[in-house]
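Raw protein.cif, mmCIF, C-alpha atoms:
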data_data
#
loop_
_atom_site.label_atom_id
_atom_site.label_comp_id
_atom_site.auth_asym_id
_atom_site.auth_seq_id
_atom_site.Cartn_x
_atom_site.Cartn_y
_atom_site.Cartn_z
CA MET E 885 -11.92 -0.89 49.54
CA LYS E 886 -8.85 -3.01 48.85
CA LYS E 887 -10.87 -5.35 46.59
CA ILE E 888 -12.26 -2.38 44.67
CA GLY E 889 -8.73 -1.08 44.14
CA ILE E 890 -7.61 -4.48 42.79
CA ILE E 891 -10.61 -4.61 40.44
CA ILE E 892 -9.84 -1.10 39.14
CA ILE E 893 -6.18 -2.01 38.54
CA ILE E 894 -7.15 -5.20 36.66
CA TYR E 895 -9.67 -3.24 34.59
CA LEU E 896 -7.12 -0.55 33.66
CA ILE E 897 -4.47 -3.13 32.72
CA SER E 898 -7.02 -5.00 30.57
CA LEU E 899 -8.08 -1.75 28.89
CA ILE E 900 -4.46 -0.85 28.11
CA ILE E 901 -3.75 -4.33 26.67
CA ALA E 902 -6.93 -4.21 24.54
CA ASN E 903 -6.00 -0.76 23.19
CA VAL E 904 -2.45 -1.80 22.29
CA PHE E 905 -3.47 -5.12 20.71
CA CYS E 906 -6.36 -3.77 18.63
CA ARG E 907 -4.51 -0.72 17.39
CA THR E 908 -1.44 -2.83 16.49
CA GLU E 909 -3.53 -5.32 14.52
CA TYR E 910 -5.48 -2.53 12.80
CA ASP E 911 -2.21 -0.88 11.82
CA LYS E 912 -0.85 -4.16 10.40
CA ILE E 913 -3.97 -4.78 8.31
CA ARG E 914 -3.98 -1.27 6.82
CA ASN E 915 -0.24 -1.28 6.20
CA GLU E 916 -0.05 -4.72 4.58
CA TYR E 917 -1.84 -3.79 1.36
CA GLN E 918 -0.73 -0.17 1.01
CA ALA E 919 2.20 1.30 -0.91
CA LEU E 920 3.55 4.75 -1.63
CA ILE E 921 4.93 5.55 -5.08
CA ILE E 922 6.95 8.65 -5.93
CA ASN E 923 7.33 9.65 -9.57
CA SER E 924 9.80 12.44 -10.21
CA ASN E 925 11.72 14.00 -13.06
CA GLU E 926 14.60 14.80 -10.73
CA ASN E 927 16.79 12.89 -8.29
CA ILE E 928 14.93 12.54 -4.97
CA SER E 929 17.53 10.64 -2.92
CA ASP E 930 17.69 13.49 -0.35
CA ILE E 931 13.93 13.28 0.15
CA LEU E 932 14.02 9.49 0.57
CA ASN E 933 16.84 9.70 3.11
CA ASN E 934 14.63 11.85 5.35
CA ILE E 935 11.66 9.48 5.35
CA GLN E 936 11.35 7.24 8.41
CA GLY E 937 10.00 3.71 8.64
CA ILE E 938 10.78 2.50 5.11
CA THR E 939 11.17 -1.30 5.07
CA ASN E 940 11.28 -1.78 1.31
CA GLN E 941 12.41 0.64 -1.37
CA LYS E 942 12.74 -0.23 -5.04
CA ARG E 943 13.17 1.80 -8.18
CA ALA E 944 11.09 1.15 -11.29
CA LEU E 945 11.92 1.64 -14.94
CA SER E 946 9.29 3.46 -16.99
CA PHE E 947 7.97 1.02 -19.59
CA TYR E 948 5.04 1.80 -21.88
CA LYS E 949 2.61 0.03 -24.16
CA GLY E 950 4.41 -1.54 -27.11
CA GLU E 951 2.82 -3.29 -30.05
CA ASP E 952 -0.45 -5.22 -30.11
CA ASN E 953 -0.18 -8.90 -31.07
CA ASN E 954 -2.09 -12.17 -30.70
CA ILE E 955 -2.02 -12.07 -26.86
CA ILE E 956 -2.46 -8.39 -25.97
CA TYR E 957 -4.18 -5.34 -27.45
CA SER E 958 -6.08 -2.13 -26.65
CA PRO E 959 -9.84 -2.37 -27.32
CA ASN E 960 -11.92 0.66 -28.25
CA VAL E 961 -12.78 2.79 -25.23
CA ILE E 962 -16.37 3.97 -24.65
CA TYR E 963 -16.85 7.13 -22.60
CA ASN E 964 -20.11 6.76 -20.69
CA PRO E 965 -22.42 9.70 -19.77
CA ASP E 966 -21.67 9.21 -16.05
CA GLY E 967 -17.97 9.85 -16.66
CA SER E 968 -16.89 6.21 -16.46
CA THR E 969 -15.25 4.26 -19.27
CA SER E 970 -15.80 0.80 -20.70
CA TYR E 971 -14.63 -1.25 -23.67
CA SER E 972 -16.40 -2.37 -26.84
CA ASP E 973 -15.85 -5.64 -28.73
CA VAL E 974 -13.59 -7.12 -26.04
CA ASP E 975 -11.55 -10.14 -27.13
CA GLU E 976 -11.55 -12.34 -24.03
CA SER E 977 -8.66 -14.41 -25.35
CA LYS E 978 -6.27 -11.46 -25.07
CA LEU E 979 -4.76 -9.34 -22.33
CA ILE E 980 -5.51 -5.62 -22.36
CA TRP E 981 -2.70 -3.08 -22.03
CA SER E 982 -4.59 -1.08 -19.39
CA TYR E 983 -4.28 -4.07 -17.02
CA PHE E 984 -0.71 -2.86 -16.44
CA TYR E 985 -1.39 0.81 -15.86
CA VAL E 986 -1.08 2.39 -12.40
CA ASP E 987 -0.06 5.94 -13.28
CA LYS E 988 -1.75 6.96 -16.58
CA ASP E 989 -0.13 4.81 -19.30
CA LEU E 990 3.03 4.05 -17.32
CA ILE E 991 4.10 0.43 -16.70
CA TYR E 992 6.37 -0.16 -13.71
CA ALA E 993 9.29 -2.51 -14.47
CA PHE E 994 11.29 -3.86 -11.53
CA SER E 995 14.38 -6.05 -11.39
CA ALA E 996 14.16 -9.78 -10.70
CA SER E 997 15.95 -9.21 -7.39
CA ASP E 998 13.30 -6.70 -6.28
CA CYS E 999 10.63 -9.24 -7.29
CA ASN E 1000 12.42 -12.09 -5.47
CA SER E 1001 12.40 -14.06 -8.71
CA SER E 1002 14.81 -15.71 -11.11
CA ILE E 1003 14.26 -14.43 -14.64
CA GLY E 1004 16.18 -14.95 -17.88
CA GLU E 1005 17.40 -11.88 -19.77
CA ASN E 1006 14.72 -12.19 -22.44
CA GLU E 1007 11.93 -13.16 -20.05
CA VAL E 1008 9.34 -11.23 -18.09
CA ILE E 1009 6.91 -11.98 -15.25
CA LEU E 1010 3.62 -10.09 -15.31
CA GLN E 1011 2.09 -9.15 -11.96
CA LEU E 1012 -1.57 -8.26 -12.53
CA HIS E 1013 -4.87 -8.23 -10.66
CA GLY E 1014 -7.50 -10.95 -10.90
CA VAL E 1015 -5.16 -13.56 -12.38
CA ASP E 1016 -6.73 -16.95 -13.18
CA LYS E 1017 -4.10 -19.04 -14.96
CA LYS E 1018 -6.61 -21.68 -15.99
CA SER E 1019 -8.69 -19.26 -18.05
CA LEU E 1020 -8.15 -17.03 -21.03
CA PRO E 1021 -6.39 -14.71 -21.55
CA TYR E 1022 -3.78 -15.78 -18.98
CA SER E 1023 -3.30 -19.39 -20.07
CA ASN E 1024 -3.01 -18.20 -23.65
CA ALA E 1025 -0.22 -15.73 -22.85
CA ILE E 1026 2.26 -17.96 -20.99
CA SER E 1027 5.46 -18.54 -23.02
CA LYS E 1028 4.29 -16.05 -25.65
CA GLU E 1029 6.07 -12.82 -26.63
CA ILE E 1030 5.02 -9.38 -25.45
CA ILE E 1031 6.46 -6.13 -26.82
CA PHE E 1032 7.03 -3.13 -24.55
CA LYS E 1033 8.30 0.34 -25.36
CA TYR E 1034 11.20 1.87 -23.46
CA ASN E 1035 12.75 5.22 -24.40
CA ASN E 1036 11.16 4.97 -27.88
CA SER E 1037 12.73 1.54 -28.43
CA LEU E 1038 10.78 -1.72 -28.57
CA ILE E 1039 11.74 -4.57 -26.25
CA THR E 1040 10.42 -8.07 -26.97
CA LEU E 1041 10.21 -10.41 -23.98
CA LYS E 1042 8.89 -13.91 -23.43
CA ILE E 1043 6.25 -14.23 -20.72
CA LYS E 1044 7.64 -16.64 -18.12
CA ASP E 1045 4.69 -16.38 -15.74
CA ILE E 1046 1.66 -14.30 -14.80
CA VAL E 1047 1.01 -13.92 -11.08
CA GLU E 1048 -1.37 -12.02 -8.82
CA ALA E 1049 -0.12 -8.52 -8.02
CA ASP E 1050 0.59 -7.77 -4.37
CA ILE E 1051 -0.73 -4.20 -4.43
CA TYR E 1052 -0.25 -2.63 -7.87
CA SER E 1053 0.27 -4.04 -11.37
CA ASN E 1054 3.87 -4.23 -12.59
CA ILE E 1055 6.32 -6.36 -14.52
CA CYS E 1056 9.57 -8.02 -13.46
CA ILE E 1057 12.56 -8.28 -15.80
CA SER E 1058 15.99 -9.85 -15.39
CA ASP E 1059 18.65 -8.11 -13.34
CA ASP E 1060 20.92 -7.99 -16.41
CA LEU E 1061 18.32 -6.21 -18.56
CA TYR E 1062 17.33 -3.91 -15.70
CA ASN E 1063 20.93 -2.88 -15.03
CA LYS E 1064 21.52 -2.38 -18.75
CA LEU E 1065 18.53 -0.02 -19.06
CA LEU E 1066 18.87 1.82 -15.73
CA PRO E 1067 21.58 4.32 -16.87
CA ASN E 1068 19.16 5.52 -19.57
CA GLU E 1069 16.17 5.89 -17.23
CA LYS E 1070 14.91 9.49 -17.26
CA LYS E 1071 12.45 9.19 -14.38
CA TYR E 1072 12.97 8.53 -10.69
CA ILE E 1073 10.16 6.19 -9.72
CA TYR E 1074 10.31 4.61 -6.28
CA ALA E 1075 7.86 2.21 -4.66
CA LEU E 1076 7.99 2.33 -0.86
CA ARG E 1077 6.65 0.03 1.85
CA PHE E 1078 6.61 0.87 5.56
CA ASP E 1079 6.92 -0.82 8.94
CA LYS E 1080 3.80 0.91 10.29
CA TYR E 1081 0.76 2.55 8.76
CA LYS E 1082 1.44 5.59 10.94
CA ASN E 1083 4.84 6.06 9.26
CA PHE E 1084 3.24 5.49 5.84
CA GLN E 1085 0.70 8.25 6.53
CA LYS E 1086 3.35 10.64 7.85
CA ALA E 1087 5.49 10.07 4.76
CA ALA E 1088 2.51 10.55 2.44
CA ASP E 1089 1.54 13.83 4.13
CA LYS E 1090 5.13 15.07 3.97
CA LEU E 1091 5.54 14.14 0.31
CA TYR E 1092 2.24 15.73 -0.70
CA ASP E 1093 3.50 18.97 0.85
CA LEU E 1094 6.65 18.66 -1.28
CA SER E 1095 4.89 17.61 -4.48
CA THR E 1096 5.36 19.92 -7.44
CA ASN E 1097 5.03 19.70 -11.21
CA ASN E 1098 8.18 17.55 -11.12
CA ILE E 1099 7.04 15.21 -8.34
CA SER E 1100 3.81 13.23 -8.17
CA ILE E 1101 2.64 10.91 -5.40
CA SER E 1102 0.27 7.94 -5.59
CA GLN E 1103 -1.01 5.57 -2.91
CA PRO E 1104 -2.08 2.33 -4.60
CA SER E 1105 -3.90 -0.13 -2.36
CA LYS E 1106 -5.49 -3.49 -2.88
CA VAL E 1107 -8.92 -4.65 -1.75
CA HIS E 1108 -8.22 -7.80 0.22
CA ASP E 1109 -9.97 -10.57 2.12
CA THR E 1110 -9.04 -9.02 5.47
CA SER E 1111 -11.34 -6.05 4.85
CA ASN E 1112 -13.92 -7.50 7.28
CA ARG E 1113 -11.23 -7.81 9.94
CA GLN E 1114 -10.25 -4.21 9.29
CA ALA E 1115 -13.86 -3.08 9.76
CA ILE E 1116 -14.21 -5.16 12.94
CA PHE E 1117 -11.03 -3.80 14.49
CA GLY E 1118 -12.05 -0.29 13.44
CA ASP E 1119 -15.37 -0.68 15.29
CA ILE E 1120 -13.60 -2.10 18.35
CA ILE E 1121 -11.16 0.82 18.39
CA ASP E 1122 -14.07 3.29 18.19
CA PHE E 1123 -15.69 1.51 21.14
CA LEU E 1124 -12.41 1.50 23.10
CA SER E 1125 -11.95 5.21 22.39
CA MET E 1126 -15.34 5.94 24.00
CA LEU E 1127 -14.48 3.59 26.84
CA ASN E 1128 -11.16 5.39 27.35
CA ILE E 1129 -12.95 8.75 27.67
CA ILE E 1130 -15.55 7.32 30.07
CA THR E 1131 -12.78 5.70 32.14
CA ILE E 1132 -10.84 8.97 32.35
CA ILE E 1133 -13.98 10.81 33.48
CA ILE E 1134 -14.75 8.16 36.12
CA ILE E 1135 -11.16 8.18 37.39
CA PHE E 1136 -11.23 11.98 37.53
CA ILE E 1137 -14.48 11.92 39.53
CA LEU E 1138 -13.07 9.18 41.78
CA ILE E 1139 -9.91 11.20 42.46
CA ILE E 1140 -11.99 14.27 43.34
CA TYR E 1141 -14.16 12.11 45.61
CA LEU E 1142 -11.10 10.68 47.39
CA ILE E 1143 -9.58 14.13 47.82
CA VAL E 1144 -12.83 15.51 49.25
CA SER E 1145 -13.18 12.50 51.54
CA PHE E 1146 -9.62 12.92 52.73
CA LEU E 1147 -10.12 16.63 53.42
CA ASN E 1148 -13.38 15.94 55.28
CA LYS E 1149 -11.62 13.42 57.49
CA LYS E 1150 -8.86 15.92 58.21
CA LEU E 1151 -11.43 18.60 59.08
CA ASN E 1152 -13.37 16.22 61.31
CA LYS E 1153 -10.21 15.23 63.14
CA SER E 1154 -9.17 18.85 63.64
CA ASN E 1155 -12.61 19.63 65.03
#
Turn this file's structure into structure tokens for me.
Amino acid sequence: MKKIGIIIIIYLISLIIANVFCRTEYDKIRNEYQALIINSNENISDILNNIQGITNQKRALSFYKGEDNNIIYSPNVIYNPDGSTSYSDVDESKLIWSYFYVDKDLIYAFSASDCNSSIGENEVILQLHGVDKKSLPYSNAISKEIIFKYNNSLITLKIKDIVEADIYSNICISDDLYNKLLPNEKKYIYALRFDKYKNFQKAADKLYDLSTNNISISQPSKVHDTSNRQAIFGDIIDFLSMLNIITIIIIFILIIYLIVSFLNKKLNKSN
């Protein structure tokens, strides 16, 4: 009986460790490539102060498509019968403005400090998806000028670098230019990252409840090479969840059995 008790204890400890480890890893994988972006026409500092688990918070300036030139343009859009869109007569030597878009035609512009980069006042770093610097149009665009629109004014910047976007497309400008433009920013756009996926989901649910015509919420995510690991851990967690239920049922039955056995012994002794 003593050996059985030891085996049960070891099993329960192992089950607890497996649950904690798998759920922690699953949370990390889901949280690593997920962001929460709030776009508002009004100051939302009070809302942000009441959100728990934020590890990174940065405010974006609202840039837009500027002028087409020899490195970037907008090709003709084809609206397909199935509701999807595609382009006609694509010039593979040029970037396409829609590469930058996350929220309609909005381009997020962050400061060099928020991008952990060093950028000159007239320079910009493009963070896009599917970047291959050795091929067109990326190799063609380095050191060339790109023209953005901000508050109906055109801003010409020299492309310092083009790098792979972490989660969503954006651009990085110098701290000096960012701080110069910030007082004129009409929108309150914040990109948030969280310590845990659970806190990310809680914040998203809370913000969706608060969303109005003045506040919109988006949850950009990136397909990544850990997707197989995510699926594996998801399957393991499903299996552990069933195992947890079975274990609880067995323990419940075992407790009832021990109680009945104890009462029978007491009755036998009294007789």
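Applied to the file shown here, the PyMOL selection byres ((chain E and resi 1118) around 12) selects the residues Asn903, Cys906, Arg907, Thr908, Glu909, Tyr910, Asp911, Ile913, Arg914, Ser1111, Asn1112, Arg1113, Gln1114, Ala1115, Ile1116, Phe1117, Asp1119, Ile1120, Ile1121, Asp1122, Phe1123, Leu1124 and Ser1125 of chain E.
Computed from the coordinates, the CA of Leu1094 in chain E to CA of Gln936 in chain E distance equals 15.7 Å.
Minimum atom-to-atom distances from E:Asp989, E:Ile955, E:Thr1040, E:Asn915 to Lys1082 in chain E were compared using all atoms listed in the file, and the lowest value belongs to E:Asn915.
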How many Å separate CA of Ser1001 in chain E from CA of Ile928 in chain E?
27.0 Å
Might you pull out every residue within 7 Å of Ser1102 in chain E, with all atoms listed in the file counted and same-chain residues fewer than 2 positions away left off, and present them as a PyMOL selection string?
chain E and resi 920-922+1100+1104
Which residues come within 12 Å of range 1017-1031 of chain E, counting only C-alpha atoms, excluding same-chain residues fewer than 5 positions away, as a PyMOL selection string?
chain E and resi 947-957+974-981+983+1006-1012+1037-1048+1055
The PyMOL selection byres ((chain E and resi 1063) around 12) on the file shown: which residues, as JSON, numbers by chain?
{"E": [943, 944, 945, 993, 994, 995, 996, 997, 1005, 1057, 1058, 1059, 1060, 1061, 1062, 1064, 1065, 1066, 1067, 1068, 1069]}
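Nearest-residue note for Phe1078 in chain E: choosing from E:Ser1105, E:Asn1148, E:Asn934, E:Gln918, the minimum distance belongs to E:Gln918, counting all atoms listed in the file.
For the file at hand, the PyMOL selection byres ((chain E and resi 1090) around 12) resolves to Leu920, Ile922, Ile931, Leu932, Asn934, Ile935, Gln936, Asn1083, Phe1084, Gln1085, Lys1086, Ala1087, Ala1088, Asp1089, Leu1091, Tyr1092, Asp1093, Leu1094, Ser1095 and Ile1101 of chain E.
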Keeping only C-alpha atoms, take the residues you just selected and write them out as a PDB file, in the coordinates of the input.
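Output contents, as saved in selection08.pdb:
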ATOM      1  CA  LEU E 920       3.550   4.750  -1.630  1.00  0.00           C
ATOM      2  CA  ILE E 922       6.950   8.650  -5.930  1.00  0.00           C
ATOM      3  CA  ILE E 931      13.930  13.280   0.150  1.00  0.00           C
ATOM      4  CA  LEU E 932      14.020   9.490   0.570  1.00  0.00           C
ATOM      5  CA  ASN E 934      14.630  11.850   5.350  1.00  0.00           C
ATOM      6  CA  ILE E 935      11.660   9.480   5.350  1.00  0.00           C
ATOM      7  CA  GLN E 936      11.350   7.240   8.410  1.00  0.00           C
ATOM      8  CA  ASN E1083       4.840   6.060   9.260  1.00  0.00           C
ATOM      9  CA  PHE E1084       3.240   5.490   5.840  1.00  0.00           C
ATOM     10  CA  GLN E1085       0.700   8.250   6.530  1.00  0.00           C
ATOM     11  CA  LYS E1086       3.350  10.640   7.850  1.00  0.00           C
ATOM     12  CA  ALA E1087       5.490  10.070   4.760  1.00  0.00           C
ATOM     13  CA  ALA E1088       2.510  10.550   2.440  1.00  0.00           C
ATOM     14  CA  ASP E1089       1.540  13.830   4.130  1.00  0.00           C
ATOM     15  CA  LEU E1091       5.540  14.140   0.310  1.00  0.00           C
ATOM     16  CA  TYR E1092       2.240  15.730  -0.700  1.00  0.00           C
ATOM     17  CA  ASP E1093       3.500  18.970   0.850  1.00  0.00           C
ATOM     18  CA  LEU E1094       6.650  18.660  -1.280  1.00  0.00           C
ATOM     19  CA  SER E1095       4.890  17.610  -4.480  1.00  0.00           C
ATOM     20  CA  ILE E1101       2.640  10.910  -5.400  1.00  0.00           C
TER      21      ILE E1101
END
Please, which residues are within 6 Å of (-11.8, -3.7, -24.6) by the file's coordinates, counting all atoms listed in the file, and could they come as a PDB file with C-alpha atoms, in the coordinates of the input?
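Written file, result-v3.pdb:
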ATOM      1  CA  PRO E 959      -9.840  -2.370 -27.320  1.00  0.00           C
ATOM      2  CA  ASN E 960     -11.920   0.660 -28.250  1.00  0.00           C
ATOM      3  CA  TYR E 971     -14.630  -1.250 -23.670  1.00  0.00           C
ATOM      4  CA  SER E 972     -16.400  -2.370 -26.840  1.00  0.00           C
ATOM      5  CA  VAL E 974     -13.590  -7.120 -26.040  1.00  0.00           C
TER       6      VAL E 974
END
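Nearest-residue note for Glu916 in chain E: choosing from E:Ile1003, E:Ile1137, E:Leu1076, E:Ile892, the minimum distance belongs to E:Leu1076, counting all atoms listed in the file.
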Counting all atoms listed in the file, the residue of E:Ile888, E:Ile901, E:Ile893, E:Ile1099 that sits nearest Lys1071 in chain E
E:Ile1099
